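Colleague: Before I ask anything, here is the structure I am working with.
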Amino acid sequence: MDTRSIVYIALFAALTAALGLMPPISFAGLALPPISAQSLGVMLAGAIAGARRGGFAMLLFIALVAIGLPLLSGGRGGFGVFAGASGGFLVAWPISAAVIGWLIGRRGTSPLRLATSIAIGGILVMYAIGIPWMAVVAKLPLSKAVMIMAAYVPGDLVKVAIATIVTRGIRRAYPAL
């Protein structure tokens, strides 16, 4: 792995940690995944750093959380967070970032394609892994878990728009990226 890749991986892991400084919004305490800005870090990692680097950045972040660093929003960390309702979403982060980067690499960076790629990886993939996990952990029927997560979609669409705007700006400023 070259120096540039290591820098990208560390940078996006750090960016995701920094986004955790924004206080989370919880619907029902710890029973449901909190709304946080950190999934924006996942989207940006995949869209800007690419599939490999973005996936590794989120894998690094998740490993740091697993060993106990309080990097998640609200100062959460430790292996126990993976046993909670939001554990599936956390496990999905490296996969989501990799899918976003892969889709952008295959589909291009026009505004619509970029936004679609970020939405597929950052919402569909993340929800496909996180919702069943949440249903099992919270002992909810899958249909109810899906309905609960519908409340999160508008915020995630705002994050997709932000990630699209930021990614377009960075790619225009640094075309060789």
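Labels for the structure tokens follow display order: chains A, B, ..., residues from 1 in each chain, ligands from 1.
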Can I get the residues of segment 81-173 of chain A within 9 Å of segment 32-36 of chain A, each with the closest pair of atoms and their distance in Å to one decimal, using only C-alpha atoms, sorted chain first then ascending number, as JSON lines?

Modeller:
{"residue": "A:Gly84", "atom": "CA", "partner": "A:Pro33", "partner_atom": "CA", "distance": 8.4}
{"residue": "A:Ala85", "atom": "CA", "partner": "A:Leu32", "partner_atom": "CA", "distance": 5.8}
{"residue": "A:Ser86", "atom": "CA", "partner": "A:Pro33", "partner_atom": "CA", "distance": 4.7}
{"residue": "A:Gly87", "atom": "CA", "partner": "A:Pro33", "partner_atom": "CA", "distance": 8.4}
{"residue": "A:Phe89", "atom": "CA", "partner": "A:Pro33", "partner_atom": "CA", "distance": 8.3}
{"residue": "A:Met134", "atom": "CA", "partner": "A:Leu32", "partner_atom": "CA", "distance": 7.8}
{"residue": "A:Ala138", "atom": "CA", "partner": "A:Leu32", "partner_atom": "CA", "distance": 8.1}
{"residue": "A:Ile148", "atom": "CA", "partner": "A:Leu32", "partner_atom": "CA", "distance": 8.7}
{"residue": "A:Tyr152", "atom": "CA", "partner": "A:Ile35", "partner_atom": "CA", "distance": 7.3}
{"residue": "A:Gly155", "atom": "CA", "partner": "A:Ile35", "partner_atom": "CA", "distance": 8.2}

Colleague: Can you write out the residues you just picked, keeping C-alpha atoms, as a PDB file, in the first residue's frame?

Modeller:
ATOM      1  CA  GLY A  84     -26.857  -3.128  20.095  1.00  0.00           C
ATOM      2  CA  ALA A  85     -29.529  -2.214  17.604  1.00  0.00           C
ATOM      3  CA  SER A  86     -27.140  -0.023  15.617  1.00  0.00           C
ATOM      4  CA  GLY A  87     -24.449  -2.713  15.349  1.00  0.00           C
ATOM      5  CA  PHE A  89     -25.269  -0.280  10.578  1.00  0.00           C
ATOM      6  CA  MET A 134     -31.818  -4.154  14.367  1.00  0.00           C
ATOM      7  CA  ALA A 138     -34.499  -5.334  19.285  1.00  0.00           C
ATOM      8  CA  ILE A 148     -39.043   2.682  12.058  1.00  0.00           C
ATOM      9  CA  TYR A 152     -34.301   8.152   9.039  1.00  0.00           C
ATOM     10  CA  GLY A 155     -31.960  12.900   6.949  1.00  0.00           C
TER      11      GLY A 155
END

Colleague: I'd like the neighbourhood of Leu157 of chain A as a ChimeraX atom specification, where a residue qualifies if any of its atoms comes within 12 Å (using only C-alpha atoms), though same-chain residues fewer than 4 positions away should be ignored.

Modeller: /A:39-40,43,115-116,118-120,122-124,150-153,161-164

Colleague: Closest to Gly55 of chain A among A:Ser96, A:Ser117, A:Ser143, A:Ser5, using only C-alpha atoms?

Modeller: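 Among the listed residues, A:Ser96 lies closest to Gly55 of chain A.
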
Colleague: Based on the backbone DSSP call, show me all residues of segment 8-168 of chain A assigned strand (DSSP E or B), as a count of residues only.

Modeller: 4

Colleague: For the atom pair atom CA of Gly41 of chain A and atom CA of Val136 of chain A, what is the interatomic distance in Å to one decimal place?

Modeller: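 It comes out at 26.2 Å.
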
Colleague: Pick out the closest residue to Gly77 of chain A from this set: A:Met149, A:Ala17, A:Ile25, A:Leu11. Count only C-alpha atoms.

Modeller: A:Ala17

Colleague: Can you list, as a PyMOL selection string, all residues belonging to segment 36-174 of chain A that DSSP tags as alpha helix (DSSP H)?

Modeller: chain A and resi 38-44+51-66+87-107+111-119+126-137+142-149+153-173
